[in-house]
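Here is the structure we will look at, set down as structure tokens.
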Number of protein chains: 2
Amino acid sequence: MNKLTGNAIVGQSGGPTAAINATLAGVIRGALGCVEIERIFGAVNGIEGILNEQITELGPQFSKEEHLTALIHTPAAALGSCRRKLPSYASDDETYRKLFSILEKYNIRYFFYIGGNDSMDTVAKLSYYAQMQHYDIRVMGVPKTIDNDVCGTDHTPGYGSAAKYIAATMQEIIRDCAVYTVPAVTVVEIMGRDAGWLTCAAALPRKYCGVAPDYIYLPERPFDYCSFFDDIEAAFLRHPNVVIAVSEGIRHADGHYVGQGSQSGMVDIFGHAYLSGTGRSLEAAIKKQFNTKVRSIELNIMQRCASHLASYTDIDESVRIGEAAVHAACDGATAQMMAFRRRPGTEYGIDIVGIDINSAANHVRCVPDQFINAAGNHVTDACVDYILPLCEGETTPQYIHGLPVHFVIDKTPVVL
Amino acid sequence: MNKLTGNAIVGQSGGPTAAINATLAGVIRGALGCVEIERIFGAVNGIEGILNEQITELGPQFSKEEHLTALIHTPAAALGSCRRKLPSYASDDETYRKLFSILEKYNIRYFFYIGGNDSMDTVAKLSYYAQMQHYDIRVMGVPKTIDNDVCGTDHTPGYGSAAKYIAATMQEIIRDCAVYTVPAVTVVEIMGRDAGWLTCAAALPRKYCGVAPDYIYLPERPFDYCSFFDDIEAAFLRHPNVVIAVSEGIRHADGHYVGQGSQSGMVDIFGHAYLSGTGRSLEAAIKKQFNTKVRSIELNIMQRCASHLASYTDIDESVRIGEAAVHAACDGATAQMMAFRRRPGTEYGIDIVGIDINSAANHVRCVPDQFINAAGNHVTDACVDYILPLCEGETTPQYIHGLPVHFVIDKTPVVL
């Protein structure tokens, strides 16, 4: 085995989740326990932090296990994030040269990047460039995204907690909507531009709690107002309180987003079509069609940052995949993304493996056909069975005076 | 003491909360332990359930303590609710005669009504009518509302849990918004048409968590776009991620609601002003003024039904005030609303007392001047100190397969 000694850096990229800091804690814990890694640095705001030398030292901040524990229960990205996508090195060699000169200055030999699809693209490009330049470094990607749309892994860290929040909140919303006898429709808009995984989670209370939204519409199926209205009419025959879950990314057959506002006809003071959002568009359309009470609810960023209701399974796996990335790198792996493999059988269990980064980057994993019902307006039991174990268990964040305790990383740049 | 033996009925009215079922559980527990009360009935959908004889028997459903425990952690109104306001008996004697004939049929001698301001009005009217007709009954109101705007009580059951949800969610939202370096404004719209109590709770993370929204705007102060823009400009000098909490009910000096859409200029396909909501209106105005990234978030009904994050103090007090109402009634009280009196001193404690129903009904309690800062754009430390103890402690709802367990009341009408 090729033993490589030097420093490590870790960065976070893309949208925040309730679990991305758990993975960060896993990487830090792994690095602190690894003899080949001398110092563990944090890149502030991802790859941008390296380019601007906003690099902080993490080791001394986490000498106490309780600090790691607090970080595990902190939502969002404690190191800050970015949405920068690296250019191809052929078109912009300059950026890469700058990046690698800084990596060399800090003697970085281990690079861990926690992020979604775009971040895996960064890992792929950096590892390719390093190989070309014969710069000895292990570059590893650790997936995170509430969207669950990264290829090559059974699921992504962060999805289970977002799914748990959505399912629990959906159950509460349905109870709330059921208290009046006046007919009403409630539309709940859930994140997911291209893949409907998060919206699928709205169905979870069906299995053990006996309630679920009347319908679930995903971007994986074209949306049609006629069948939508038929669905609502059928629901009203069953009960007065109709609840519907929709992905923000549902589209008409012609590819236009439902949320583009064309249906609601709203315009701003300049006459531009008002981008009212998917829930708002449906709200206006239902109001016009049924002349009934309608409400739309956006779960908004709460669904990605509600660490107070995180899934124990998700948080535990998120820590472990971070640690596993460090162990794999120390064992010689590079240009890999860590992934979950679900063990066969009825009892839930996973293995953490490394896969070729190029098989993961730049692809989107959608909800498969067998998870969507024939009418395209709900999910199957197989879908519920896939998601439920990811939401199992509750975490125990520390509270002080009624509020969860979060950990704030000191981002002061290290002086070499 | 005038001993009165017979049956009791309990109803829920007004908007749902995370604590109204805890009070229901308190009333049921109190009634089951009271020798004067022979049977405890539930009015399905409040006063409407009595008028329609949708009356269910509760005693046998709660013979096991674990059922009461599950009910305590169930959000919304397990008996169903209504928004019906009783007419004055002078204008519509018919409704009262029908109501009292049904009360007599079921031998109801104890009437407990859990609700907000309008429900206390119902209690006042019923007790007055009963007295006039010499119908021997004890009519008691138990306040509940997340709005905290009922007079005569230090705070209302349900407020502490909503405040805790808002404070914890606000902390998570601020962490989420802080991850990027791009300047952005996030407007969080919180319930409260006439009183800003719920929005005040957004400030709670300031004291022990070190974060808070940059500004808080309440209906108790006129809203002015010029000072609002000045505030935002000042905030941008401090950091790029500006977060603002606003009550849905903020109004201009002329009394018009900010959410009336006049500012955003949005019109629907018929040219009617589009009621875009307060957050949406501010979002459009900020976008126009600063040409920056803006997001608006509505905490919507989640803030009133998030029982998974209820306050232990609130839930405990909500059960106790329900029980106390039964004990007071059995001891001879009628035409009263139960209320919390905060004990003087630095350590938090309350006494539960009964007050004349007429001093409570039909008045709204606003946030007092000493709780709002001089600029009218934030709350004082005294305000935070008032709210914090109400959010103290976490409840321990039971979870099954990752989701909270709720209790569903069998509403089948009782056959006499």
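Each chain in the structure tokens gets a letter, A, B, ..., in the order shown, and its residues are numbered from 1; ligands are numbered from 1 in order too.
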
Report task. Name all residues at most 8 Å from range 247-255 of chain A (count only C-alpha atoms; drop same-chain ones fewer than 4 positions away) and give them as a ChimeraX atom specification. Result -> /A:189-196,198-199,217-224,259,277-279

#### Entry: Residues within 7 Å of range 27-37 of chain B, only C-alpha atoms, excluding chain neighbours under 5 positions, as a list in words
Leu4, Thr5, Gly6, Asn7, Ala8, Gly59, Gly322, Glu323, Val326 and His327 of chain B

Return as a tab-separated table the residues of chain A lying at most 8 Å from chain B, together with the closest atom-to-atom pair for each and the distance in Å to one decimal, counting only C-alpha atoms, with rows in chain order and ascending residue number.
residue	atom	partner	partner_atom	distance
A:Pro16	CA	B:Asp176	CA	6.3
A:Asn45	CA	B:Tyr180	CA	7.1
A:Pro75	CA	B:Glu172	CA	6.5
A:Ala76	CA	B:Asp176	CA	4.8
A:Ala77	CA	B:Val179	CA	5.9
A:Ala78	CA	B:Val179	CA	7.4
A:Leu79	CA	B:Val179	CA	7.6
A:Gly80	CA	B:Val179	CA	4.2
A:Ser81	CA	B:Val179	CA	5.2
A:Cys82	CA	B:Tyr180	CA	6.0
A:Lys164	CA	B:Gly402	CA	7.0
A:Ala167	CA	B:Leu403	CA	7.4
A:Ala168	CA	B:Leu403	CA	5.8
A:Thr169	CA	B:Ala306	CA	7.0
A:Glu172	CA	B:Cys305	CA	5.9
A:Ile173	CA	B:Met302	CA	6.9
A:Arg175	CA	B:Ala76	CA	5.9
A:Asp176	CA	B:Ala76	CA	4.8
A:Ala178	CA	B:Gly80	CA	7.3
A:Val179	CA	B:Gly80	CA	4.2
A:Tyr180	CA	B:Ser81	CA	5.6
A:Thr181	CA	B:Cys82	CA	7.8
A:Pro205	CA	B:Leu403	CA	7.3
A:Tyr208	CA	B:Ile400	CA	7.4
A:Cys209	CA	B:Val405	CA	7.0
A:Ser264	CA	B:Asp268	CA	7.3
A:Gly265	CA	B:Ile269	CA	5.1
A:Met266	CA	B:Asp268	CA	4.8
A:Val267	CA	B:Met266	CA	5.9
A:Asp268	CA	B:Met266	CA	4.8
A:Ile269	CA	B:Gly265	CA	5.1
A:Ile297	CA	B:Asn300	CA	6.7
A:Glu298	CA	B:Glu298	CA	7.4
A:Asn300	CA	B:Ile297	CA	6.7
A:Ile301	CA	B:Ile173	CA	7.1
A:Met302	CA	B:Ile173	CA	6.9
A:Cys305	CA	B:Glu172	CA	5.8
A:Ala306	CA	B:Glu172	CA	6.4
A:Ser307	CA	B:Glu172	CA	7.6
A:His308	CA	B:Leu309	CA	7.9
A:Leu309	CA	B:His308	CA	7.9
A:Ser311	CA	B:Gly402	CA	7.4
A:Leu388	CA	B:His401	CA	7.0
A:Pro389	CA	B:His401	CA	7.5
A:Cys391	CA	B:Gly402	CA	5.3
A:Glu392	CA	B:Gly402	CA	4.3
A:Gly393	CA	B:Gly402	CA	5.4
A:Glu394	CA	B:Gly402	CA	7.0
A:Ile400	CA	B:Tyr208	CA	7.4
A:His401	CA	B:Glu392	CA	5.5
A:Gly402	CA	B:Glu392	CA	4.3
A:Leu403	CA	B:Ala168	CA	5.8
A:Pro404	CA	B:Ala168	CA	6.9
A:Val405	CA	B:Cys209	CA	7.0
A:His406	CA	B:Cys209	CA	7.5

Would you write out those residues with C-alpha atoms, as a short mmCIF file (atom, residue, chain, number, x, y, z; two decimals), in the first residue's frame?
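See again29.cif below for the written result:
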data_model
loop_
_atom_site.label_atom_id
_atom_site.label_comp_id
_atom_site.auth_asym_id
_atom_site.auth_seq_id
_atom_site.Cartn_x
_atom_site.Cartn_y
_atom_site.Cartn_z
CA PRO A 16 -27.59 22.75 3.05
CA ASN A 45 -17.40 28.14 1.41
CA PRO A 75 -28.13 22.03 10.41
CA ALA A 76 -26.89 23.75 7.23
CA ALA A 77 -23.19 23.84 6.31
CA ALA A 78 -21.02 24.82 9.27
CA LEU A 79 -18.07 25.58 6.95
CA GLY A 80 -20.25 27.58 4.57
CA SER A 81 -21.09 26.42 1.08
CA CYS A 82 -20.83 27.53 -2.54
CA LYS A 164 -38.77 12.23 8.06
CA ALA A 167 -43.65 12.73 6.53
CA ALA A 168 -44.13 13.93 10.11
CA THR A 169 -45.15 17.41 8.98
CA GLU A 172 -49.58 17.04 11.28
CA ILE A 173 -50.95 19.05 8.34
CA ARG A 175 -54.67 16.31 11.22
CA ASP A 176 -54.92 20.11 11.14
CA ALA A 178 -59.35 17.58 9.19
CA VAL A 179 -60.79 19.70 12.01
CA TYR A 180 -63.37 21.62 9.96
CA THR A 181 -66.34 20.32 8.01
CA PRO A 205 -47.77 8.07 7.31
CA TYR A 208 -48.45 2.91 10.22
CA CYS A 209 -50.38 6.13 10.96
CA SER A 264 -52.80 31.45 -12.81
CA GLY A 265 -52.50 34.35 -15.25
CA MET A 266 -50.80 36.53 -12.66
CA VAL A 267 -48.70 39.40 -13.96
CA ASP A 268 -46.57 41.94 -12.10
CA ILE A 269 -46.72 45.72 -12.48
CA ILE A 297 -48.21 25.44 1.76
CA GLU A 298 -44.53 25.47 0.84
CA ASN A 300 -39.56 25.65 1.80
CA ILE A 301 -36.07 25.48 3.32
CA MET A 302 -37.44 24.02 6.57
CA CYS A 305 -32.62 22.36 7.73
CA ALA A 306 -34.96 20.89 10.35
CA SER A 307 -32.24 19.15 12.34
CA HIS A 308 -34.52 19.09 15.39
CA LEU A 309 -36.44 16.28 13.65
CA SER A 311 -33.59 10.73 11.38
CA LEU A 388 -39.28 4.08 5.78
CA PRO A 389 -36.04 2.55 7.15
CA CYS A 391 -36.34 7.71 8.63
CA GLU A 392 -36.15 5.27 11.52
CA GLY A 393 -35.10 6.50 14.93
CA GLU A 394 -34.90 9.88 16.57
CA ILE A 400 -30.77 24.81 26.28
CA HIS A 401 -33.69 26.92 27.51
CA GLY A 402 -36.01 25.19 25.11
CA LEU A 403 -33.89 25.54 21.97
CA PRO A 404 -31.52 23.11 20.22
CA VAL A 405 -27.81 23.75 20.69
CA HIS A 406 -25.90 24.33 17.44
#

I'd like the interatomic distance between CA of Asn377 in chain B and CA of Pro183 in chain B, to a tenth of an Å.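 Going from CA of Asn377 in chain B over to CA of Pro183 in chain B, I get 20.9 Å.
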
Item to complete: One decimal, Å: what's the distance from CA of Pro368 in chain B over to CA of Gly345 in chain B, could you say?
Response: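 Taking CA of Pro368 in chain B and CA of Gly345 in chain B, their separation equals 19.8 Å.
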
Checklist entry - In range 164-257 of chain A, what's strand (DSSP E) per DSSP? Answer as a ChimeraX atom specification? => result /A:184-190,215-217,241-247

Original post:
Which polymer residues have any atom within 7 Å of an atom of Asp351 in chain B, counting only C-alpha atoms, with same-chain residues fewer than 6 positions away left out, as a PyMOL selection string?
Top reply: chain B and resi 340-342

Handout entry: Residues flagged helix (DSSP H, G or I) by DSSP in range 238-373 of chain A, as an MDAnalysis selection string
Key = chainID A and resid 238 258:260 278:290 302:305 307:309 312:330 357:360 369:371

### Query
What separation in Å, quoted to one decimal, exists between CA of Ile55 in chain A and CA of Pro413 in chain A?
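Those two atoms sit 5.0 Å apart.
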
Practice task
Excluding Gln336 in chain A and any residue of its chain fewer than 6 positions from it, enumerate the residues within 6 Å of it, using only C-alpha atoms, and give them as a PyMOL selection string.
Solution key: chain A and resi 140+354-357
